[in-house]
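Pasting query_32.cif here (mmCIF, C-alpha atoms):
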```cif
data_run
#
loop_
_atom_site.label_atom_id
_atom_site.label_comp_id
_atom_site.auth_asym_id
_atom_site.auth_seq_id
_atom_site.Cartn_x
_atom_site.Cartn_y
_atom_site.Cartn_z
CA MET A 1 126.22 59.75 194.47
CA LYS A 2 124.19 62.29 192.52
CA PHE A 3 120.73 62.94 193.97
CA ILE A 4 118.01 62.34 191.36
CA ASP A 5 114.39 62.52 192.53
CA GLU A 6 112.51 62.20 189.23
CA ALA A 7 112.78 59.88 186.24
CA THR A 8 110.71 58.59 183.34
CA ILE A 9 110.96 54.96 182.30
CA GLU A 10 109.19 52.45 180.07
CA VAL A 11 108.32 48.97 181.30
CA ILE A 12 107.47 46.21 178.85
CA SER A 13 106.37 42.84 180.19
CA GLY A 14 106.85 39.62 178.24
CA ASN A 15 104.30 38.03 175.91
CA GLY A 16 102.84 34.67 176.76
CA GLY A 17 104.04 31.69 174.77
CA ASN A 18 101.73 30.07 172.21
CA GLY A 19 99.97 26.78 172.73
CA VAL A 20 100.54 24.03 170.16
CA ALA A 21 98.43 21.47 168.30
CA SER A 22 100.18 18.11 168.43
CA PHE A 23 99.22 14.41 168.44
CA ARG A 24 100.88 11.48 170.07
CA ARG A 25 102.54 9.28 167.48
CA GLU A 26 104.29 6.18 168.77
CA LYS A 27 104.76 2.73 167.38
CA PHE A 28 102.04 0.28 168.37
CA ILE A 29 99.91 3.13 169.83
CA PRO A 30 97.32 4.03 167.22
CA LYS A 31 95.16 7.07 167.71
CA GLY A 32 97.36 8.41 170.49
CA GLY A 33 95.28 11.54 170.83
CA PRO A 34 96.20 15.21 171.36
CA ASP A 35 99.28 16.05 173.41
CA GLY A 36 99.96 19.72 172.67
CA GLY A 37 101.24 21.65 175.70
CA ASP A 38 100.49 25.19 176.85
CA GLY A 39 102.70 28.20 176.36
CA GLY A 40 104.60 29.71 179.27
CA ARG A 41 103.68 32.96 181.02
CA GLY A 42 105.55 36.11 180.05
CA GLY A 43 107.72 37.85 182.61
CA SER A 44 106.10 40.56 184.76
CA ILE A 45 107.78 43.71 186.07
CA TYR A 46 107.48 44.73 189.72
CA ALA A 47 108.70 47.63 191.83
CA ILE A 48 110.13 46.88 195.25
CA ALA A 49 110.87 49.52 197.90
CA ASP A 50 114.38 49.39 199.33
CA ASN A 51 115.65 51.45 202.28
CA ASN A 52 119.21 51.09 201.04
CA ILE A 53 118.50 53.25 197.97
CA ASN A 54 118.01 57.01 198.26
CA THR A 55 118.07 58.22 194.66
CA LEU A 56 116.51 57.41 191.27
CA ILE A 57 119.79 57.84 189.43
CA ASP A 58 119.73 54.26 188.09
CA PHE A 59 116.52 55.00 186.21
CA ARG A 60 117.85 58.23 184.72
CA TYR A 61 120.31 56.26 182.60
CA SER A 62 118.40 52.99 182.20
CA ARG A 63 115.02 53.98 180.81
CA ILE A 64 113.67 50.81 179.16
CA HIS A 65 113.04 47.66 181.19
CA ARG A 66 111.85 44.66 179.19
CA ALA A 67 110.94 41.21 180.48
CA LYS A 68 111.37 38.07 178.37
CA ASN A 69 108.58 36.21 176.59
CA GLY A 70 107.28 32.85 177.71
CA GLN A 71 108.28 29.82 175.65
CA ASN A 72 105.88 28.10 173.27
CA GLY A 73 104.34 24.79 174.18
CA ARG A 74 105.49 21.59 172.53
CA GLY A 75 104.22 18.09 171.84
CA SER A 76 104.31 15.17 174.24
CA ASP A 77 102.47 17.22 176.86
CA ARG A 78 105.44 19.58 177.26
CA TYR A 79 104.55 23.02 178.54
CA GLY A 80 106.59 26.08 177.66
CA ALA A 81 108.72 27.59 180.43
CA SER A 82 107.54 30.82 182.04
CA ALA A 83 109.87 33.80 181.88
CA ASP A 84 111.49 35.25 184.99
CA ASP A 85 109.95 38.33 186.57
CA ILE A 86 111.92 41.56 186.91
CA PHE A 87 112.08 43.44 190.22
CA LEU A 88 113.11 47.11 190.06
CA LYS A 89 114.49 48.41 193.36
CA MET A 90 113.33 51.94 194.18
CA PRO A 91 113.72 54.24 197.20
CA VAL A 92 111.04 54.27 199.87
CA GLY A 93 108.88 57.31 199.16
CA THR A 94 108.69 56.84 195.39
CA ILE A 95 105.37 57.65 193.72
CA ILE A 96 104.79 55.68 190.52
CA LYS A 97 102.42 57.24 187.98
CA ASP A 98 101.21 56.11 184.55
CA ILE A 99 102.09 58.96 182.18
CA ASP A 100 99.37 58.21 179.61
CA THR A 101 96.45 57.95 182.04
CA GLY A 102 97.72 59.99 185.00
CA TYR A 103 96.78 57.07 187.29
CA ILE A 104 98.96 56.60 190.38
CA ILE A 105 100.01 52.98 190.22
CA ALA A 106 101.67 52.85 193.63
CA ASP A 107 103.12 54.87 196.49
CA LEU A 108 106.06 53.02 198.02
CA ARG A 109 105.78 53.86 201.71
CA ALA A 110 107.31 50.82 203.41
CA ASN A 111 110.56 48.92 203.01
CA GLY A 112 110.00 45.70 201.07
CA GLN A 113 106.66 46.82 199.58
CA ILE A 114 106.11 45.19 196.17
CA GLU A 115 103.85 46.61 193.46
CA LEU A 116 103.03 45.27 189.99
CA LEU A 117 103.98 47.65 187.18
CA ALA A 118 103.32 45.53 184.08
CA ALA A 119 101.76 42.06 184.06
CA GLY A 120 103.20 39.42 181.78
CA GLY A 121 100.98 37.85 179.13
CA LEU A 122 99.29 34.52 179.80
CA GLY A 123 100.38 31.46 177.90
CA GLY A 124 98.18 30.03 175.18
CA LEU A 125 96.39 26.67 175.46
CA GLY A 126 97.52 23.57 173.64
CA ASN A 127 95.04 21.28 171.86
CA LEU A 128 95.21 18.97 174.87
CA HIS A 129 92.58 21.23 176.48
CA PHE A 130 90.11 20.95 173.61
CA LYS A 131 89.61 17.17 173.48
CA SER A 132 86.18 15.80 174.28
CA SER A 133 84.03 12.81 173.61
CA ILE A 134 82.85 14.33 170.34
CA ASN A 135 86.12 16.02 169.37
CA ARG A 136 88.83 13.42 169.75
CA THR A 137 91.29 15.02 167.32
CA PRO A 138 91.13 18.73 168.16
CA ARG A 139 93.33 20.99 166.12
CA GLN A 140 92.44 24.10 168.07
CA PHE A 141 95.01 25.95 170.12
CA THR A 142 95.37 29.55 171.33
CA ILE A 143 98.21 31.99 171.12
CA GLY A 144 99.64 33.69 174.17
CA SER A 145 98.36 37.11 175.23
CA LYS A 146 100.44 40.22 174.85
CA GLY A 147 102.31 41.72 177.78
CA GLU A 148 101.65 45.22 179.06
CA CYS A 149 103.63 48.27 178.02
CA ARG A 150 103.60 51.40 180.16
CA ARG A 151 105.35 54.74 180.28
CA ILE A 152 105.90 55.55 183.92
CA ASN A 153 106.94 58.63 185.85
CA LEU A 154 108.87 58.08 189.08
CA GLU A 155 108.82 60.85 191.67
CA LEU A 156 110.70 60.55 194.94
CA ARG A 157 109.32 62.35 197.97
CA LEU A 158 111.50 62.03 201.04
CA PHE A 159 109.97 60.95 204.33
CA ALA A 160 110.85 63.47 207.05
CA ASP A 161 109.15 64.76 210.18
CA ILE A 162 110.54 68.29 209.86
CA GLY A 163 111.10 70.35 206.71
CA LEU A 164 113.44 73.35 206.67
CA LEU A 165 112.76 76.20 204.25
CA GLY A 166 113.83 79.77 203.84
CA MET A 167 115.90 82.18 201.77
CA PRO A 168 119.41 81.23 200.60
CA ASN A 169 122.05 81.69 203.34
CA SER A 170 119.45 81.85 206.09
CA GLY A 171 121.28 79.12 208.04
CA LYS A 172 119.28 76.00 207.22
CA SER A 173 122.33 73.86 206.47
CA THR A 174 124.13 75.07 209.58
CA LEU A 175 121.12 74.23 211.73
CA ILE A 176 120.70 70.69 210.39
CA SER A 177 124.44 70.07 210.81
CA LYS A 178 124.29 71.16 214.48
CA ILE A 179 121.25 69.14 215.53
CA SER A 180 121.63 65.97 213.43
CA ASN A 181 124.14 63.63 211.81
CA ALA A 182 123.83 65.37 208.42
CA LYS A 183 126.98 66.89 206.89
CA PRO A 184 125.78 69.40 204.28
CA LYS A 185 128.02 71.82 202.42
CA ILE A 186 128.18 75.20 204.20
CA ALA A 187 129.64 78.34 202.62
CA ASP A 188 129.14 82.12 202.58
CA TYR A 189 127.51 82.25 199.13
CA PRO A 190 123.96 81.43 197.96
CA PHE A 191 122.80 77.98 196.85
CA THR A 192 125.48 75.93 198.57
CA THR A 193 122.70 73.35 199.07
CA LEU A 194 122.07 71.80 195.65
CA HIS A 195 119.96 68.84 196.76
CA PRO A 196 117.93 67.87 199.85
CA ASN A 197 119.78 66.71 202.95
CA LEU A 198 118.30 64.33 205.51
CA GLY A 199 119.44 64.24 209.11
CA LEU A 200 118.43 62.13 212.11
CA VAL A 201 117.96 64.08 215.34
CA ARG A 202 118.14 61.89 218.44
CA THR A 203 116.77 63.52 221.59
CA SER A 204 116.99 60.44 223.83
CA VAL A 205 117.69 56.74 223.64
CA ASN A 206 114.19 55.95 222.38
CA LYS A 207 113.17 59.20 220.71
CA SER A 208 114.24 60.77 217.44
CA PHE A 209 112.95 62.51 214.34
CA VAL A 210 114.12 63.17 210.78
CA VAL A 211 114.82 66.63 209.34
CA ALA A 212 114.92 67.51 205.64
CA ASP A 213 116.78 70.57 204.35
CA ILE A 214 115.96 71.80 200.82
CA PRO A 215 117.75 74.48 198.75
CA GLY A 216 116.84 78.08 199.51
CA LEU A 217 113.81 79.67 197.88
CA VAL A 218 113.87 82.93 195.93
CA SER A 219 111.13 85.02 194.39
CA GLY A 220 109.60 83.17 191.43
CA ALA A 221 110.73 79.72 192.66
CA ALA A 222 107.32 78.17 191.94
CA LYS A 223 107.75 79.28 188.30
CA GLY A 224 111.23 77.84 187.93
CA VAL A 225 113.57 80.49 189.34
CA GLY A 226 116.44 79.17 191.46
CA LEU A 227 116.67 75.61 192.77
CA GLY A 228 114.21 75.33 195.65
CA HIS A 229 111.08 74.80 193.53
CA ILE A 230 112.51 71.54 192.19
CA PHE A 231 112.59 70.08 195.68
CA LEU A 232 109.42 71.54 197.21
CA ARG A 233 107.76 68.16 196.69
CA HIS A 234 109.85 66.80 199.55
CA LEU A 235 108.00 69.04 202.00
CA LYS A 236 104.65 67.38 201.28
CA ARG A 237 105.26 64.41 203.58
CA THR A 238 106.59 66.43 206.52
CA ARG A 239 104.60 66.98 209.71
CA ILE A 240 105.81 70.52 210.35
CA LEU A 241 107.75 73.22 208.51
CA LEU A 242 110.52 75.33 210.08
CA HIS A 243 110.81 78.67 208.33
CA ILE A 244 114.37 79.90 208.95
CA VAL A 245 114.81 83.68 208.85
CA ASP A 246 118.13 85.55 208.85
CA ILE A 247 117.85 88.58 211.14
CA ALA A 248 121.56 89.32 211.42
CA ALA A 249 121.19 92.67 209.64
CA TYR A 250 118.05 93.70 211.53
CA ASN A 251 117.48 97.34 212.31
CA GLU A 252 114.44 99.58 212.32
CA SER A 253 114.71 100.31 208.59
CA SER A 254 115.19 96.66 207.52
CA ILE A 255 112.31 95.07 209.43
CA ASP A 256 110.00 95.60 206.45
CA LYS A 257 112.49 93.74 204.25
CA ILE A 258 112.38 90.77 206.64
CA ILE A 259 108.57 90.85 206.59
CA ASP A 260 108.62 90.94 202.77
CA ASP A 261 110.98 87.94 202.64
CA ILE A 262 108.71 85.92 204.92
CA ASN A 263 105.65 86.84 202.83
CA MET A 264 107.54 85.92 199.66
CA ILE A 265 108.17 82.39 200.96
CA THR A 266 104.50 82.11 201.89
CA GLU A 267 103.48 83.19 198.38
CA GLU A 268 105.81 80.65 196.76
CA LEU A 269 104.31 77.85 198.86
CA THR A 270 100.83 79.00 197.83
CA GLN A 271 101.69 78.99 194.14
CA TYR A 272 103.37 75.59 194.29
CA ASP A 273 100.79 73.77 196.42
CA SER A 274 98.34 75.52 198.72
CA GLU A 275 98.13 72.36 200.87
CA LEU A 276 101.59 73.19 202.21
CA LEU A 277 100.03 76.17 203.99
CA LEU A 278 97.82 73.78 205.95
CA LYS A 279 100.89 72.41 207.69
CA SER A 280 102.04 73.96 210.93
CA ARG A 281 104.86 76.42 210.16
CA TRP A 282 107.11 77.76 212.91
CA LEU A 283 109.29 80.82 212.46
CA VAL A 284 112.92 80.44 213.54
CA LEU A 285 114.80 83.74 213.75
CA ASN A 286 118.44 82.82 213.23
CA LYS A 287 121.81 84.52 213.89
CA ILE A 288 120.78 86.22 217.13
CA ASP A 289 124.45 86.22 218.18
CA ILE A 290 125.08 89.16 215.84
CA ALA A 291 121.60 90.72 215.84
CA GLN A 292 120.44 93.57 218.03
CA ASN A 293 117.19 94.10 219.91
CA ILE A 294 116.11 90.55 219.18
CA ASN A 295 113.10 90.55 221.50
CA GLU A 296 111.83 93.75 219.94
CA SER A 297 112.17 92.39 216.42
CA LYS A 298 110.41 89.18 217.42
CA GLU A 299 107.35 91.05 218.65
CA ILE A 300 107.29 93.38 215.65
CA ILE A 301 107.36 90.42 213.26
CA ARG A 302 104.60 88.62 215.19
CA LYS A 303 102.43 91.75 215.18
CA LYS A 304 102.92 92.73 211.54
CA LEU A 305 102.41 89.19 210.25
CA ARG A 306 99.64 88.39 212.75
CA TRP A 307 101.59 85.20 213.35
CA ASN A 308 99.77 82.65 215.53
CA GLU A 309 102.36 79.87 215.33
CA PRO A 310 105.43 79.67 217.64
CA ILE A 311 108.43 81.90 216.98
CA PHE A 312 111.90 80.82 218.17
CA THR A 313 115.14 82.77 218.32
CA ILE A 314 118.36 80.86 217.82
CA SER A 315 121.94 81.04 216.68
CA ALA A 316 122.67 77.89 214.72
CA MET A 317 126.39 78.67 214.60
CA LYS A 318 126.71 79.23 218.36
CA LYS A 319 124.04 76.65 219.30
CA LEU A 320 122.01 79.24 221.18
CA GLY A 321 118.36 78.31 221.71
CA ILE A 322 118.72 75.07 219.75
CA ALA A 323 118.08 72.73 222.70
CA GLU A 324 114.72 74.37 223.45
CA LEU A 325 113.73 74.23 219.76
CA VAL A 326 114.62 70.54 219.44
CA GLN A 327 112.68 69.59 222.57
CA GLU A 328 109.59 71.46 221.42
CA LEU A 329 109.80 69.72 218.04
CA GLN A 330 110.04 66.31 219.73
CA VAL A 331 106.97 67.05 221.87
CA TYR A 332 105.02 68.15 218.78
CA ILE A 333 106.04 65.07 216.77
CA ASP A 334 105.26 62.65 219.62
CA ARG A 335 101.81 64.15 220.00
CA HIS A 336 100.99 63.87 216.31
CA ARG A 337 102.44 60.36 216.02
CA SER A 338 100.08 59.24 218.79
CA ILE A 339 97.18 60.88 216.95
CA ASP A 340 98.11 59.00 213.77
CA LEU A 341 98.23 55.71 215.65
#
```

Would you put the structure from the file into structure tokens?
Amino acid sequence: MKFIDEATIEVISGNGGNGVASFRREKFIPKGGPDGGDGGRGGSIYAIADNNINTLIDFRYSRIHRAKNGQNGRGSDRYGASADDIFLKMPVGTIIKDIDTGYIIADLRANGQIELLAAGGLGGLGNLHFKSSINRTPRQFTIGSKGECRRINLELRLFADIGLLGMPNSGKSTLISKISNAKPKIADYPFTTLHPNLGLVRTSVNKSFVVADIPGLVSGAAKGVGLGHIFLRHLKRTRILLHIVDIAAYNESSIDKIIDDINMITEELTQYDSELLLKSRWLVLNKIDIAQNINESKEIIRKKLRWNEPIFTISAMKKLGIAELVQELQVYIDRHRSIDL
């Protein structure tokens, strides 16, 4: 299934049915009085979060969602039928925003969460409601109110504990495939990852966390270059970022290039959303199985960047150093989950 994380739709709720002015007319019952019924309520449109859905592709091709109108009232005290409501199933993590006002209508964070998108119109009143001791033959009635019409933007932000980012071919997909149940495409050319991948990492019977892998970032990503900028929104909900760095070609002359690549990623995060820099970001130096002087390069990088966060050295392909990294991530996540609680 194609991964779609943004869509624009229009929701139109139903109008309320009109009330009616009617009088009871039966043989041998003179002056039967008013008996006009009310109109029915128009159908409303709701959003419901569903864990079984992980893409907004249905809303890319079905853009207009319209509920039916309520029926008009009739004589003999007959009320019009209310229209059925419409429930639109959306992935957990969807942010629903009114395009015209910019107001965030809802943030679907929990499975089964229901939010009103457009309220149906109320039914009008029949003349039955207007009778009184001084107005025994009321001819007043009201028409039903109009339903709401909204243009809505849907934006999906995946829920994950860990977010992987880095340059293309840095080894993000290989890492997530080795530590989780994710099966991303892996190849020796850039941009093999075309959409985010989620993987569940289980460290024990009762402990686990979720990792999200997004396409690689290149210079100018925040301005639309490459693919990674499209999916940076998925990093906003993560607790920690893992910055994967390829040091396979490290030597004394290339260390500055590695530093520049790390700074480039930092700059792209700043341009996209400076709040991403407030998250804890760990450096993961990958491909140590074919790198030389790894300890030396680690200290040079820490010194030149003045890096205060942890730095790990791993080989995702050979599974070197991965166990230690996973355990440290679990400890970090457990600590912050307890703080949240």

Name the residues in contact with region 64-67 of chain A at a cut-off of 6 Å, using all atoms listed in the file, excluding same-chain residues fewer than 4 positions from it; report them as a list in words.
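Returned residues: Ile9, Glu10, Val11, Ile12, Ser13, Gly14 and Gly43 of chain A.
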
Atomic separation - CA of Gly40 (chain A) relative to CA of Thr142 (chain A), Å
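According to the coordinates, CA of Thr142 (chain A) and CA of Gly40 (chain A) are separated by 12.2 Å.
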
Go through A:Lys178, A:His243, A:Arg60, A:Arg41 one by one, measure the shortest atom-to-atom distance of each to Lys318 (chain A) using all atoms listed in the file, and give the residue with the smallest value.
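Selected residue with least distance to Lys318 (chain A): A:Lys178.
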
Evaluate the PyMOL selection byres ((chain A and resi 308-312) around 7) and record the selected residues as an MDAnalysis selection string, following the chain and residue labels used in the document.
chainID A and resid 281:285 306:307 313:314

Pick out the residues sitting within 9 Å of Gly42 (chain A), and hand them over as a VMD selection string; count only C-alpha atoms, and ignore anything fewer than 2 positions along from it in its own chain.
chain A and resid 13 to 17 40 44 67 to 71 82 to 85 119 to 123 144 to 147

Between A:Pro34, A:Gly19, A:Gly93, A:Pro196, which residue has the minimum interatomic distance to Gly124 (chain A), considering all atoms listed in the file?
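Among the listed residues, A:Gly19 lies closest to Gly124 (chain A).
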
Please list as a list of chain:residue names every residue within 10 Å of Leu320 (chain A), counting all atoms listed in the file and excluding residues in the same chain fewer than 3 positions away.
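Neighbouring residues, sequence-local ones excluded: A:Asn286, A:Lys287, A:Ile288, A:Asp289, A:Thr313, A:Ile314, A:Ser315, A:Ala316, A:Met317, A:Ala323, A:Glu324, A:Leu325.
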
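Selection by the PyMOL selection byres ((chain A and resi 290-296) around 7) on the present file picks out Ile247, Ala248, Ala249, Tyr250, Lys287, Ile288, Asp289, Ser297, Lys298, Glu299 and Ile300 of chain A.
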
Just the selected residues (C-alpha atoms), exported as a tab-separated table (two decimals), in the coordinates of the input, please.
```tsv
chain	number	residue	atom	x	y	z
A	247	ILE	CA	117.85	88.58	211.14
A	248	ALA	CA	121.56	89.32	211.42
A	249	ALA	CA	121.19	92.67	209.64
A	250	TYR	CA	118.05	93.70	211.53
A	287	LYS	CA	121.81	84.52	213.89
A	288	ILE	CA	120.78	86.22	217.13
A	289	ASP	CA	124.45	86.22	218.18
A	297	SER	CA	112.17	92.39	216.42
A	298	LYS	CA	110.41	89.18	217.42
A	299	GLU	CA	107.35	91.05	218.65
A	300	ILE	CA	107.29	93.38	215.65
```

Expand the PyMOL selection byres ((chain A and resi 205-208) around 12) into the individual residues it matches in the shown file, reporting them as a PyMOL selection string.
chain A and resi 160-162+179-181+199-204+209-211+326-327+329-334+337

Å distance separating CA of Leu232 (chain A) from CA of Tyr46 (chain A), one decimal place
27.9 Å

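Atom to atom, CA of Ala106 (chain A) and CA of Tyr61 (chain A) stand 21.9 Å apart.
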
Please identify all polymer residues lying at most 10 Å from the point (101.1, 18.2, 173.5) (file coordinates), using all atoms listed in the file, and present the result as a list in words.
Gly19, Val20, Ala21, Ser22, Phe23, Arg24, Gly33, Pro34, Asp35, Gly36, Gly37, Asp38, Gly73, Arg74, Gly75, Ser76, Asp77, Arg78, Tyr79, Leu125, Gly126, Asn127, Leu128 and His129 of chain A

With C-alpha atoms kept, could you save the residues just selected as a compact mmCIF listing (two decimals), in the frame of the given file?
```
# COMPACT_ATOMS: atom_id res chain seq x y z
CA GLY A 19 99.97 26.78 172.73
CA VAL A 20 100.54 24.03 170.16
CA ALA A 21 98.43 21.47 168.30
CA SER A 22 100.18 18.11 168.43
CA PHE A 23 99.22 14.41 168.44
CA ARG A 24 100.88 11.48 170.07
CA GLY A 33 95.28 11.54 170.83
CA PRO A 34 96.20 15.21 171.36
CA ASP A 35 99.28 16.05 173.41
CA GLY A 36 99.96 19.72 172.67
CA GLY A 37 101.24 21.65 175.70
CA ASP A 38 100.49 25.19 176.85
CA GLY A 73 104.34 24.79 174.18
CA ARG A 74 105.49 21.59 172.53
CA GLY A 75 104.22 18.09 171.84
CA SER A 76 104.31 15.17 174.24
CA ASP A 77 102.47 17.22 176.86
CA ARG A 78 105.44 19.58 177.26
CA TYR A 79 104.55 23.02 178.54
CA LEU A 125 96.39 26.67 175.46
CA GLY A 126 97.52 23.57 173.64
CA ASN A 127 95.04 21.28 171.86
CA LEU A 128 95.21 18.97 174.87
CA HIS A 129 92.58 21.23 176.48
```

Taking all atoms listed in the file into account, which of A:Asn169, A:Leu164, A:Leu88, A:Arg25 comes nearest Leu198 (chain A)?
A:Leu164

Applying 8 Å and only C-alpha atoms, which residues near Ser170 (chain A) remain after dropping the ones on its own chain fewer than 4 positions away? List them as a PyMOL selection string.
chain A and resi 166+244-246+286

For Lys236 (chain A): contacts at 9 Å, only C-alpha atoms, fewer than 3 positions along chain excluded, given as an MDAnalysis selection string
chainID A and resid 157:159 163 232:233 239 273 275:276 279

Keeping only C-alpha atoms, write the selected residues as a PDB file, in the coordinates of the input.
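File produced: result.pdb:
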```
ATOM      1  CA  ARG A 157     109.320  62.350 197.970  1.00  0.00           C
ATOM      2  CA  LEU A 158     111.500  62.030 201.040  1.00  0.00           C
ATOM      3  CA  PHE A 159     109.970  60.950 204.330  1.00  0.00           C
ATOM      4  CA  GLY A 163     111.100  70.350 206.710  1.00  0.00           C
ATOM      5  CA  LEU A 232     109.420  71.540 197.210  1.00  0.00           C
ATOM      6  CA  ARG A 233     107.760  68.160 196.690  1.00  0.00           C
ATOM      7  CA  ARG A 239     104.600  66.980 209.710  1.00  0.00           C
ATOM      8  CA  ASP A 273     100.790  73.770 196.420  1.00  0.00           C
ATOM      9  CA  GLU A 275      98.130  72.360 200.870  1.00  0.00           C
ATOM     10  CA  LEU A 276     101.590  73.190 202.210  1.00  0.00           C
ATOM     11  CA  LYS A 279     100.890  72.410 207.690  1.00  0.00           C
TER      12      LYS A 279
END
```

Nearest-residue call for Phe141 (chain A), choices A:Glu267, A:Asn72, A:Asp5, A:His336, using all atoms listed in the file:
A:Asn72

Using all atoms listed in the file, can you list as an mmCIF file with C-alpha atoms, keeping the file's coordinate frame the residues within 10 Å of (103.6, 59.1, 182.8)?
```cif
data_model
loop_
_atom_site.group_PDB
_atom_site.id
_atom_site.type_symbol
_atom_site.label_atom_id
_atom_site.label_comp_id
_atom_site.auth_asym_id
_atom_site.auth_seq_id
_atom_site.Cartn_x
_atom_site.Cartn_y
_atom_site.Cartn_z
ATOM 1 C CA ALA A 7 112.780 59.880 186.240
ATOM 2 C CA THR A 8 110.710 58.590 183.340
ATOM 3 C CA ILE A 9 110.960 54.960 182.300
ATOM 4 C CA GLU A 10 109.190 52.450 180.070
ATOM 5 C CA ILE A 96 104.790 55.680 190.520
ATOM 6 C CA LYS A 97 102.420 57.240 187.980
ATOM 7 C CA ASP A 98 101.210 56.110 184.550
ATOM 8 C CA ILE A 99 102.090 58.960 182.180
ATOM 9 C CA ASP A 100 99.370 58.210 179.610
ATOM 10 C CA THR A 101 96.450 57.950 182.040
ATOM 11 C CA GLY A 102 97.720 59.990 185.000
ATOM 12 C CA TYR A 103 96.780 57.070 187.290
ATOM 13 C CA ILE A 104 98.960 56.600 190.380
ATOM 14 C CA ARG A 150 103.600 51.400 180.160
ATOM 15 C CA ARG A 151 105.350 54.740 180.280
ATOM 16 C CA ILE A 152 105.900 55.550 183.920
ATOM 17 C CA ASN A 153 106.940 58.630 185.850
ATOM 18 C CA LEU A 154 108.870 58.080 189.080
#
```

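Using all atoms listed in the file, the shortest contact distance between Gly171 (chain A) and any of A:Lys319, A:Lys131, A:His234, A:Lys31 is found at A:Lys319.
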
How would region 309-323 of chain A look written as a PDB file, in the first residue's frame with N, CA and C atoms?
```pdb
ATOM      1  N   GLU A 309      26.342  14.994  23.820  1.00  0.00           N
ATOM      2  CA  GLU A 309      25.472  13.820  23.856  1.00  0.00           C
ATOM      3  C   GLU A 309      26.313  12.556  23.639  1.00  0.00           C
ATOM      4  N   PRO A 310      25.745  11.377  23.893  1.00  0.00           N
ATOM      5  CA  PRO A 310      26.488  10.122  23.698  1.00  0.00           C
ATOM      6  C   PRO A 310      26.864   9.900  22.231  1.00  0.00           C
ATOM      7  N   ILE A 311      27.973   9.232  22.021  1.00  0.00           N
ATOM      8  CA  ILE A 311      28.418   8.815  20.699  1.00  0.00           C
ATOM      9  C   ILE A 311      28.667   7.310  20.733  1.00  0.00           C
ATOM     10  N   PHE A 312      28.045   6.576  19.808  1.00  0.00           N
ATOM     11  CA  PHE A 312      28.189   5.121  19.743  1.00  0.00           C
ATOM     12  C   PHE A 312      28.873   4.737  18.438  1.00  0.00           C
ATOM     13  N   THR A 313      29.600   3.663  18.464  1.00  0.00           N
ATOM     14  CA  THR A 313      30.228   3.121  17.267  1.00  0.00           C
ATOM     15  C   THR A 313      29.666   1.726  17.019  1.00  0.00           C
ATOM     16  N   ILE A 314      29.160   1.525  15.802  1.00  0.00           N
ATOM     17  CA  ILE A 314      28.507   0.256  15.487  1.00  0.00           C
ATOM     18  C   ILE A 314      28.837  -0.171  14.055  1.00  0.00           C
ATOM     19  N   SER A 315      28.509  -1.388  13.769  1.00  0.00           N
ATOM     20  CA  SER A 315      28.422  -1.871  12.391  1.00  0.00           C
ATOM     21  C   SER A 315      27.058  -2.537  12.262  1.00  0.00           C
ATOM     22  N   ALA A 316      26.136  -1.846  11.596  1.00  0.00           N
ATOM     23  CA  ALA A 316      24.787  -2.386  11.457  1.00  0.00           C
ATOM     24  C   ALA A 316      24.805  -3.696  10.678  1.00  0.00           C
ATOM     25  N   MET A 317      25.650  -3.780   9.665  1.00  0.00           N
ATOM     26  CA  MET A 317      25.695  -4.985   8.840  1.00  0.00           C
ATOM     27  C   MET A 317      26.193  -6.180   9.645  1.00  0.00           C
ATOM     28  N   LYS A 318      27.241  -5.977  10.439  1.00  0.00           N
ATOM     29  CA  LYS A 318      27.837  -7.079  11.207  1.00  0.00           C
ATOM     30  C   LYS A 318      27.263  -7.204  12.623  1.00  0.00           C
ATOM     31  N   LYS A 319      26.360  -6.323  12.988  1.00  0.00           N
ATOM     32  CA  LYS A 319      25.734  -6.301  14.312  1.00  0.00           C
ATOM     33  C   LYS A 319      26.746  -6.050  15.428  1.00  0.00           C
ATOM     34  N   LEU A 320      27.742  -5.248  15.141  1.00  0.00           N
ATOM     35  CA  LEU A 320      28.739  -4.903  16.154  1.00  0.00           C
ATOM     36  C   LEU A 320      28.280  -3.660  16.914  1.00  0.00           C
ATOM     37  N   GLY A 321      28.265  -3.752  18.245  1.00  0.00           N
ATOM     38  CA  GLY A 321      27.883  -2.619  19.077  1.00  0.00           C
ATOM     39  C   GLY A 321      26.404  -2.346  19.136  1.00  0.00           C
ATOM     40  N   ILE A 322      25.595  -3.128  18.461  1.00  0.00           N
ATOM     41  CA  ILE A 322      24.148  -2.867  18.402  1.00  0.00           C
ATOM     42  C   ILE A 322      23.476  -3.188  19.740  1.00  0.00           C
ATOM     43  N   ALA A 323      23.894  -4.283  20.381  1.00  0.00           N
ATOM     44  CA  ALA A 323      23.260  -4.680  21.645  1.00  0.00           C
ATOM     45  C   ALA A 323      23.404  -3.586  22.689  1.00  0.00           C
TER      46      ALA A 323
END
```
